[in-house]
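As stored in my_file16.cif (mmCIF, C-alpha atoms):
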```cif
data_input
#
loop_
_atom_site.label_atom_id
_atom_site.label_comp_id
_atom_site.auth_asym_id
_atom_site.auth_seq_id
_atom_site.Cartn_x
_atom_site.Cartn_y
_atom_site.Cartn_z
CA MET D 1 0.00 0.00 0.00
CA GLU D 2 2.66 2.47 1.12
CA GLU D 3 4.67 1.74 -2.02
CA LYS D 4 1.81 2.95 -4.21
CA LEU D 5 1.81 6.32 -2.50
CA ARG D 6 5.59 6.50 -2.58
CA ASP D 7 5.81 5.65 -6.29
CA HIS D 8 3.12 8.20 -7.02
CA ILE D 9 4.97 11.02 -5.26
CA GLN D 10 8.38 9.92 -6.54
CA ASN D 11 7.10 10.18 -10.10
CA LEU D 12 7.36 13.93 -9.56
CA ILE D 13 9.89 14.50 -6.79
CA PRO D 14 12.75 12.31 -5.49
CA LEU D 15 12.39 11.12 -1.89
CA THR D 16 14.74 9.58 0.67
CA ASP D 17 13.45 6.78 2.93
CA ASP D 18 13.32 9.21 5.84
CA GLU D 19 11.38 11.76 3.86
CA PHE D 20 8.83 9.18 2.79
CA SER D 21 8.40 7.92 6.36
CA PHE D 22 7.83 11.49 7.44
CA ILE D 23 5.26 12.02 4.66
CA LEU D 24 3.50 8.74 5.43
CA SER D 25 3.14 9.68 9.10
CA HIS D 26 0.76 12.45 7.98
CA PHE D 27 -1.62 10.03 6.24
CA SER D 28 -4.08 7.44 7.52
CA PHE D 29 -4.85 4.25 5.65
CA GLU D 30 -8.57 3.49 5.35
CA LYS D 31 -10.75 0.79 3.80
CA TYR D 32 -14.27 1.37 2.56
CA LYS D 33 -16.96 -0.92 1.17
CA LYS D 34 -18.95 -0.37 -2.01
CA ASN D 35 -21.62 2.33 -1.42
CA ASP D 36 -19.87 3.71 1.70
CA PHE D 37 -19.63 7.50 1.88
CA LEU D 38 -16.28 9.20 2.48
CA ILE D 39 -17.97 12.61 2.42
CA GLN D 40 -21.65 13.48 2.70
CA VAL D 41 -23.26 16.82 1.88
CA GLU D 42 -23.02 19.24 4.84
CA ASP D 43 -20.11 17.33 6.42
CA ASN D 44 -17.16 19.39 7.55
CA VAL D 45 -14.59 18.32 4.96
CA LYS D 46 -11.49 17.41 6.95
CA TYR D 47 -9.77 15.11 4.48
CA CYS D 48 -8.61 14.68 0.94
CA TYR D 49 -7.94 11.17 -0.33
CA PHE D 50 -5.35 9.39 -2.40
CA VAL D 51 -6.97 6.33 -3.97
CA VAL D 52 -4.84 3.17 -3.63
CA SER D 53 -7.44 0.87 -5.18
CA GLY D 54 -11.12 1.01 -6.01
CA LEU D 55 -13.33 3.69 -7.49
CA LEU D 56 -15.13 6.74 -6.13
CA LYS D 57 -17.71 9.16 -7.47
CA LEU D 58 -17.90 12.84 -6.55
CA VAL D 59 -21.57 13.78 -6.77
CA TYR D 60 -23.59 16.98 -6.72
CA ASP D 61 -27.34 16.66 -6.06
CA ASP D 62 -29.25 19.56 -7.59
CA THR D 63 -32.36 21.15 -6.10
CA ASN D 64 -34.56 18.75 -8.09
CA GLY D 65 -32.83 15.78 -6.48
CA LYS D 66 -31.00 14.87 -9.67
CA GLN D 67 -27.49 13.43 -9.28
CA HIS D 68 -24.64 14.95 -11.28
CA ILE D 69 -21.25 13.26 -11.35
CA VAL D 70 -18.53 15.88 -11.14
CA SER D 71 -15.75 13.32 -11.34
CA PHE D 72 -14.73 9.74 -10.90
CA ALA D 73 -11.58 8.90 -8.92
CA MET D 74 -9.72 5.66 -9.35
CA GLU D 75 -6.25 4.32 -8.52
CA ASP D 76 -3.61 7.06 -8.16
CA TRP D 77 -6.15 9.90 -8.13
CA TRP D 78 -6.64 12.49 -5.42
CA GLU D 79 -10.20 13.39 -4.54
CA SER D 80 -12.23 15.48 -2.14
CA ASP D 81 -14.75 18.29 -2.21
CA PHE D 82 -11.68 20.48 -2.66
CA SER D 83 -13.55 23.74 -2.41
CA ALA D 84 -14.76 22.76 1.06
CA TYR D 85 -11.42 21.13 1.98
CA PHE D 86 -9.27 24.15 1.18
CA THR D 87 -11.64 26.64 2.77
CA GLN D 88 -12.52 24.27 5.65
CA THR D 89 -16.23 24.64 5.06
CA LYS D 90 -19.14 22.23 4.65
CA ALA D 91 -19.40 19.81 1.74
CA LYS D 92 -21.61 20.70 -1.20
CA MET D 93 -20.84 17.36 -2.83
CA SER D 94 -20.70 13.78 -1.64
CA LEU D 95 -17.91 11.28 -2.22
CA GLN D 96 -19.07 7.67 -2.39
CA CYS D 97 -17.56 4.29 -3.27
CA ILE D 98 -18.61 2.63 -6.52
CA GLU D 99 -16.36 -0.33 -5.59
CA ASP D 100 -14.64 -1.46 -2.39
CA THR D 101 -11.96 1.20 -2.04
CA MET D 102 -8.69 1.71 -0.15
CA VAL D 103 -7.35 5.23 0.38
CA PHE D 104 -4.75 7.23 2.22
CA SER D 105 -6.48 10.20 3.83
CA LEU D 106 -4.74 13.49 4.55
CA SER D 107 -6.32 15.95 6.98
CA PHE D 108 -6.12 19.63 6.07
CA LYS D 109 -4.08 20.24 9.22
CA ASN D 110 -1.58 17.58 8.19
CA TYR D 111 -1.56 18.91 4.62
CA GLN D 112 -0.49 22.29 5.96
CA LYS D 113 2.07 20.77 8.33
CA LEU D 114 3.51 18.70 5.52
CA LEU D 115 3.86 21.72 3.24
CA SER D 116 5.61 23.83 5.84
CA GLN D 117 7.89 21.09 7.15
CA LEU D 118 8.82 19.49 3.84
CA PRO D 119 8.72 22.24 1.21
CA LYS D 120 9.36 19.85 -1.66
CA MET D 121 5.79 18.66 -1.09
CA GLU D 122 4.65 22.12 -2.20
CA ARG D 123 6.31 21.39 -5.51
CA PHE D 124 4.54 18.04 -5.66
CA PHE D 125 1.10 19.42 -4.88
CA LEU D 126 1.66 22.37 -7.23
CA GLN D 127 2.29 19.98 -10.11
CA LYS D 128 -0.77 17.88 -9.21
CA SER D 129 -2.91 20.98 -8.92
CA ASN D 130 -1.73 22.35 -12.26
CA ALA D 131 -2.50 19.00 -13.88
CA GLY D 132 -5.95 19.00 -12.28
CA TYR D 133 -6.60 22.52 -13.51
CA ILE D 134 -5.62 21.59 -17.06
CA SER D 135 -7.84 18.53 -17.10
CA SER D 136 -10.76 20.60 -15.75
CA GLN D 137 -10.20 23.11 -18.53
CA ASN D 138 -10.27 20.30 -21.07
CA ARG D 139 -13.57 19.10 -19.65
CA ILE D 140 -15.00 22.64 -19.89
CA LEU D 141 -13.79 22.75 -23.47
CA SER D 142 -15.52 19.46 -24.21
CA PHE D 143 -18.81 20.88 -22.85
CA LEU D 144 -18.41 23.95 -25.07
CA THR D 145 -17.30 22.25 -28.25
CA SER D 146 -18.61 18.71 -28.27
CA ASN D 147 -21.98 17.08 -28.40
CA ALA D 148 -22.91 14.09 -26.25
CA GLN D 149 -21.62 11.57 -28.79
CA GLN D 150 -18.24 13.27 -29.04
CA ARG D 151 -17.94 13.55 -25.24
CA TYR D 152 -18.76 9.85 -24.99
CA LYS D 153 -16.02 8.97 -27.46
CA GLN D 154 -13.48 11.21 -25.73
CA LEU D 155 -14.19 9.54 -22.39
CA LEU D 156 -14.00 6.08 -23.92
CA LYS D 157 -10.62 6.91 -25.43
CA GLN D 158 -9.22 8.57 -22.31
CA TYR D 159 -10.47 6.13 -19.68
CA PRO D 160 -11.49 2.86 -21.36
CA GLN D 161 -11.42 1.09 -17.98
CA LEU D 162 -14.28 3.29 -16.69
CA PHE D 163 -16.60 1.61 -19.18
CA GLN D 164 -15.92 -1.78 -17.63
CA ARG D 165 -16.31 -0.59 -14.08
CA VAL D 166 -19.00 2.09 -14.02
CA PRO D 167 -22.75 1.49 -14.48
CA LYS D 168 -24.22 3.21 -17.56
CA THR D 169 -26.46 5.44 -15.42
CA LEU D 170 -23.39 6.97 -13.77
CA LEU D 171 -21.55 7.46 -17.07
CA ALA D 172 -24.62 9.28 -18.40
CA SER D 173 -24.66 11.51 -15.35
CA TYR D 174 -20.95 12.33 -15.83
CA LEU D 175 -21.49 13.17 -19.49
CA GLY D 176 -24.55 15.27 -18.73
CA VAL D 177 -26.90 13.17 -20.88
CA SER D 178 -29.86 10.95 -20.13
CA ARG D 179 -29.51 7.19 -19.65
CA GLU D 180 -31.49 6.71 -22.88
CA THR D 181 -29.19 8.99 -24.87
CA LEU D 182 -26.17 7.08 -23.57
CA SER D 183 -27.71 3.75 -24.60
CA ARG D 184 -28.15 5.10 -28.10
CA LEU D 185 -24.54 6.32 -28.15
CA SER D 186 -23.05 3.12 -26.87
CA SER D 187 -25.08 0.67 -28.94
CA MET W 188 2.27 48.83 -12.07
CA GLU W 189 4.74 46.94 -9.91
CA GLU W 190 2.63 47.64 -6.84
CA LYS W 191 -0.33 45.79 -8.36
CA LEU W 192 1.75 42.66 -8.75
CA ARG W 193 3.22 43.07 -5.29
CA ASP W 194 -0.16 43.56 -3.60
CA HIS W 195 -1.52 40.57 -5.47
CA ILE W 196 1.27 38.27 -4.26
CA GLN W 197 1.31 39.75 -0.75
CA ASN W 198 -2.36 38.94 -0.38
CA LEU W 199 -1.17 35.36 0.02
CA ILE W 200 2.44 35.47 1.18
CA PRO W 201 4.42 38.19 2.96
CA LEU W 202 7.33 39.68 0.99
CA THR W 203 10.34 41.82 1.88
CA ASP W 204 11.41 44.59 -0.52
CA ASP W 205 14.35 42.48 -1.61
CA GLU W 206 12.19 39.47 -2.27
CA PHE W 207 9.79 41.48 -4.37
CA SER W 208 12.64 43.02 -6.39
CA PHE W 209 13.94 39.54 -6.99
CA ILE W 210 10.48 38.33 -8.08
CA LEU W 211 9.94 41.34 -10.32
CA SER W 212 13.24 40.73 -12.11
CA HIS W 213 11.71 37.52 -13.50
CA PHE W 214 8.80 39.34 -15.15
CA SER W 215 8.56 41.64 -18.17
CA PHE W 216 6.06 44.45 -18.39
CA GLU W 217 4.16 44.58 -21.70
CA LYS W 218 1.46 46.73 -23.27
CA TYR W 219 -0.99 45.47 -25.86
CA LYS W 220 -3.68 47.16 -27.92
CA LYS W 221 -7.27 45.97 -28.31
CA ASN W 222 -7.40 42.96 -30.69
CA ASP W 223 -3.67 42.19 -30.29
CA PHE W 224 -2.82 38.54 -29.78
CA LEU W 225 -0.66 37.45 -26.84
CA ILE W 226 -0.86 33.84 -27.99
CA GLN W 227 -1.94 32.43 -31.33
CA VAL W 228 -2.82 28.81 -32.10
CA GLU W 229 0.32 26.77 -32.91
CA ASP W 230 2.62 29.27 -31.15
CA ASN W 231 5.17 27.83 -28.75
CA VAL W 232 3.70 29.02 -25.47
CA LYS W 233 6.61 30.60 -23.61
CA TYR W 234 4.74 32.90 -21.23
CA CYS W 235 1.94 33.14 -18.75
CA TYR W 236 0.52 36.57 -17.96
CA PHE W 237 -0.57 38.52 -14.92
CA VAL W 238 -3.13 41.11 -16.04
CA VAL W 239 -2.45 44.58 -14.58
CA SER W 240 -5.27 46.28 -16.49
CA GLY W 241 -7.50 45.47 -19.44
CA LEU W 242 -9.30 42.35 -20.52
CA LEU W 243 -8.32 39.18 -22.41
CA LYS W 244 -10.19 36.26 -23.92
CA LEU W 245 -8.87 32.71 -24.11
CA VAL W 246 -10.42 31.18 -27.22
CA TYR W 247 -10.69 27.73 -28.73
CA ASP W 248 -11.66 27.50 -32.41
CA ASP W 249 -13.37 24.21 -33.21
CA THR W 250 -13.04 22.29 -36.47
CA ASN W 251 -16.10 24.08 -37.84
CA GLY W 252 -14.41 27.45 -37.31
CA LYS W 253 -16.67 28.32 -34.39
CA GLN W 254 -15.13 30.33 -31.54
CA HIS W 255 -15.53 29.10 -27.96
CA ILE W 256 -14.49 31.29 -25.05
CA VAL W 257 -12.78 29.16 -22.42
CA SER W 258 -12.23 32.10 -20.08
CA PHE W 259 -11.99 35.83 -19.71
CA ALA W 260 -9.07 37.36 -17.82
CA MET W 261 -9.20 40.81 -16.29
CA GLU W 262 -7.25 42.74 -13.64
CA ASP W 263 -5.42 40.50 -11.15
CA TRP W 264 -5.98 37.33 -13.15
CA TRP W 265 -3.35 34.96 -14.49
CA GLU W 266 -3.86 33.60 -17.96
CA SER W 267 -2.19 31.47 -20.61
CA ASP W 268 -2.83 28.30 -22.57
CA PHE W 269 -1.64 26.61 -19.39
CA SER W 270 -1.65 23.13 -20.84
CA ALA W 271 0.83 24.26 -23.51
CA TYR W 272 2.75 26.47 -21.04
CA PHE W 273 3.38 23.75 -18.47
CA THR W 274 4.25 21.10 -21.03
CA GLN W 275 6.09 23.58 -23.27
CA THR W 276 4.13 22.57 -26.35
CA LYS W 277 2.19 24.42 -29.02
CA ALA W 278 -0.90 26.47 -28.27
CA LYS W 279 -4.32 24.94 -28.92
CA MET W 280 -6.00 28.18 -27.89
CA SER W 281 -5.44 31.84 -28.63
CA LEU W 282 -5.22 34.68 -26.12
CA GLN W 283 -6.41 38.03 -27.44
CA CYS W 284 -7.12 41.52 -26.08
CA ILE W 285 -10.74 42.64 -25.80
CA GLU W 286 -9.44 45.99 -24.46
CA ASP W 287 -6.03 47.69 -24.39
CA THR W 288 -4.22 45.55 -21.86
CA MET W 289 -1.10 45.74 -19.67
CA VAL W 290 0.45 42.57 -18.33
CA PHE W 291 3.47 41.19 -16.56
CA SER W 292 4.69 38.17 -18.49
CA LEU W 293 6.56 35.27 -16.91
CA SER W 294 8.50 32.86 -19.11
CA PHE W 295 8.34 29.19 -18.17
CA LYS W 296 12.09 29.23 -17.60
CA ASN W 297 11.76 32.14 -15.17
CA TYR W 298 8.78 30.47 -13.52
CA GLN W 299 10.94 27.45 -12.79
CA LYS W 300 13.87 29.60 -11.62
CA LEU W 301 11.60 31.57 -9.35
CA LEU W 302 10.16 28.42 -7.77
CA SER W 303 13.55 26.90 -7.09
CA GLN W 304 15.22 30.08 -5.85
CA LEU W 305 12.37 31.47 -3.78
CA PRO W 306 10.39 28.48 -2.48
CA LYS W 307 7.69 30.64 -0.94
CA MET W 308 6.55 31.31 -4.51
CA GLU W 309 5.66 27.62 -4.71
CA ARG W 310 3.23 28.27 -1.90
CA PHE W 311 1.85 31.28 -3.76
CA PHE W 312 1.36 29.44 -7.06
CA LEU W 313 -0.05 26.39 -5.26
CA GLN W 314 -2.77 28.54 -3.72
CA LYS W 315 -3.53 30.21 -7.06
CA SER W 316 -3.64 26.86 -8.81
CA ASN W 317 -5.96 25.36 -6.19
CA ALA W 318 -8.27 28.36 -6.53
CA GLY W 319 -8.22 27.99 -10.33
CA TYR W 320 -9.02 24.30 -10.03
CA ILE W 321 -11.97 24.99 -7.74
CA SER W 322 -13.40 27.65 -10.02
CA SER W 323 -13.05 25.30 -13.02
CA GLN W 324 -14.92 22.63 -11.08
CA ASN W 325 -17.68 25.12 -10.35
CA ARG W 326 -17.93 25.91 -14.03
CA ILE W 327 -18.16 22.18 -14.87
CA LEU W 328 -20.88 21.90 -12.25
CA SER W 329 -22.76 24.78 -13.83
CA PHE W 330 -22.67 23.02 -17.22
CA LEU W 331 -24.01 19.85 -15.61
CA THR W 332 -26.69 21.36 -13.42
CA SER W 333 -27.79 24.64 -14.94
CA ASN W 334 -29.54 25.70 -18.08
CA ALA W 335 -28.47 28.71 -20.14
CA GLN W 336 -30.59 31.13 -18.14
CA GLN W 337 -29.17 29.96 -14.82
CA ARG W 338 -25.60 30.11 -16.15
CA TYR W 339 -26.27 33.63 -17.37
CA LYS W 340 -27.51 34.69 -13.93
CA GLN W 341 -24.57 33.05 -12.16
CA LEU W 342 -22.13 34.92 -14.39
CA LEU W 343 -23.95 38.20 -13.90
CA LYS W 344 -23.82 37.76 -10.14
CA GLN W 345 -20.19 36.65 -10.04
CA TYR W 346 -18.71 39.15 -12.52
CA PRO W 347 -21.16 42.04 -13.06
CA GLN W 348 -18.37 44.14 -14.63
CA LEU W 349 -18.04 41.64 -17.51
CA PHE W 350 -21.47 42.67 -18.74
CA GLN W 351 -20.34 46.26 -19.12
CA ARG W 352 -17.11 45.38 -20.85
CA VAL W 353 -17.73 42.33 -23.01
CA PRO W 354 -19.75 42.27 -26.26
CA LYS W 355 -22.85 40.04 -26.10
CA THR W 356 -21.49 37.73 -28.80
CA LEU W 357 -18.53 36.87 -26.57
CA LEU W 358 -20.67 36.34 -23.48
CA ALA W 359 -22.84 33.95 -25.50
CA SER W 360 -19.74 32.06 -26.60
CA TYR W 361 -18.55 31.79 -22.98
CA LEU W 362 -21.93 30.50 -21.82
CA GLY W 363 -22.16 28.03 -24.68
CA VAL W 364 -25.38 29.51 -26.10
CA SER W 365 -26.26 31.28 -29.32
CA ARG W 366 -26.26 35.09 -29.58
CA GLU W 367 -30.06 34.91 -30.04
CA THR W 368 -30.57 32.85 -26.89
CA LEU W 369 -28.45 35.33 -24.92
CA SER W 370 -30.54 38.26 -26.18
CA ARG W 371 -33.65 36.49 -24.96
CA LEU W 372 -32.05 35.88 -21.55
CA SER W 373 -30.79 39.41 -21.09
CA SER W 374 -33.87 41.25 -22.31
#
```
Output the file's structure as structure tokens, nothing else.
Amino acid sequence: MEEKLRDHIQNLIPLTDDEFSFILSHFSFEKYKKNDFLIQVEDNVKYCYFVVSGLLKLVYDDTNGKQHIVSFAMEDWWESDFSAYFTQTKAKMSLQCIEDTMVFSLSFKNYQKLLSQLPKMERFFLQKSNAGYISSQNRILSFLTSNAQQRYKQLLKQYPQLFQRVPKTLLASYLGVSRETLSRLSS
Amino acid sequence: MEEKLRDHIQNLIPLTDDEFSFILSHFSFEKYKKNDFLIQVEDNVKYCYFVVSGLLKLVYDDTNGKQHIVSFAMEDWWESDFSAYFTQTKAKMSLQCIEDTMVFSLSFKNYQKLLSQLPKMERFFLQKSNAGYISSQNRILSFLTSNAQQRYKQLLKQYPQLFQRVPKTLLASYLGVSRETLSRLSS
């Protein structure tokens, strides 16, 4: 488990054994079952999560009770209601397991401690954040420029494994189309 | 001019005079006229920009020659084709002046130098990047959950000054609606 986190960080910044032990001491390892919630709406968001294995969905429920999938998070992804995490406010979104899932959780307090005590972690998180920003911009672009069929094909190309692991209803909700439209697209 | 950049950075991290002089030495001050391009599609993207005054549009042209506005950038905003900037590849988007605009530009080389020589700038850019990521996520959410009229109202509430400064055609392109739909919404 620890090795997954270490490899992930070392992809961007070199670490000594001591540095990694120090980093690891800021995280907690947690196991969740399918359908468990890591975050529920109105929770105080204390943690962000590095996914070791499994699959999560970040969900926004609109005022009509309709579910919208903001993102999926699988192995090697970081996830939280980041807006609430960084501002230490209440969750507007929920984070729930689509599969049994193992994570390392990082409290906001420990995130701040880690940044101030091991500045190279600022470099690491800066690179992750930049990458996250770019992929969000690409998703915005796909909403502006692509129709449902094109968005479906882009997702299929980018994350083929999602199509094996995620029920059609959830894929439709991520793409912003109805279940019926998705069936037409994928048939 | 310099004070605007200094205040902007000092909002997040304290700076001595020497530190700010050092930071400033990594930037170039540039003036552009309305309609000038800071970045054109296929350019090597060498710079990101801090907007001192004026207004920019980041534009993606789709294969049908239709313009899509990915973002506007006004005073105190950072803008670039960040995907191309961080990976030092060619621009997929253009960055153009809607008004006469003054910016501080930061080359990718100087960005890297600044981060390694003054680590507190990593903290600064990490906070900016996290904020950018969160606002992108909110925009994704608005595409998933809101219709054109709701998106129009959200934009009006969040950036009332845009409606004074930006032609309707560009607002429509940002919201992902036709010029006619926007006229209906805003009448």
- [ ] Can you work out which one of D:Lys34, D:Lys168, D:Arg139, D:Lys90 has the shortest atom-to-atom distance to chain W, counting all atoms listed in the file?
- [x] D:Arg139
Open item on the list: Could you work out which residues of chain D fall inside 7 Å of chain W? Count only C-alpha atoms, and format the result as number ranges by chain.
Closed with: D: 62, 68, 70, 82-83, 122-123, 126, 129-130, 132-134, 136-137, 140-141, 144-145, 176
TODO: Counting all atoms listed in the file, write as a ChimeraX atom specification all protein and nucleic acid residues lying at most 10 Å from (-23.6, 33.8, -15.4) in the file's frame.
DONE: /W:326,329,335-347,349-350,358,361-362
Task: Neighbour list for Phe237 of chain W as a count of residues only, cut-off 7 Å, only C-alpha atoms, skip fewer than 6 positions in-chain - done: 7
Task: Val238 of chain W environment, 12 Å, all atoms listed in the file, sequence neighbours closer than 5 positions dropped, as number ranges by chain - done: W: 188-189, 191-192, 195, 215-219, 225, 243-244, 259-267, 284, 286-293
Open item on the list: I'd like the interatomic distance between atom CA of Tyr85 of chain D and atom CA of Ile23 of chain D, to a tenth of an Å.
Closed with: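 Rounded to one decimal, the two atoms are 19.2 Å apart.
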Open item on the list: If I take atom CA of Arg179 of chain D and atom CA of Ala91 of chain D, how far is one from the other in Å, to one decimal?
Closed with: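 Going from atom CA of Arg179 of chain D over to atom CA of Ala91 of chain D covers 26.8 Å.
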Open item on the list: Could you tell me how far atom CA of Ile39 of chain D sits from atom CA of Ile98 of chain D, in Å to one decimal place?
Closed with: 13.4 Å
Open item on the list: If the PyMOL selection byres ((chain W and resi 296) around 12) were run on this exact file, what residues would it hold? Put them as number ranges by chain.
Closed with: W: 213-214, 232-235, 272-275, 292-295, 297-303
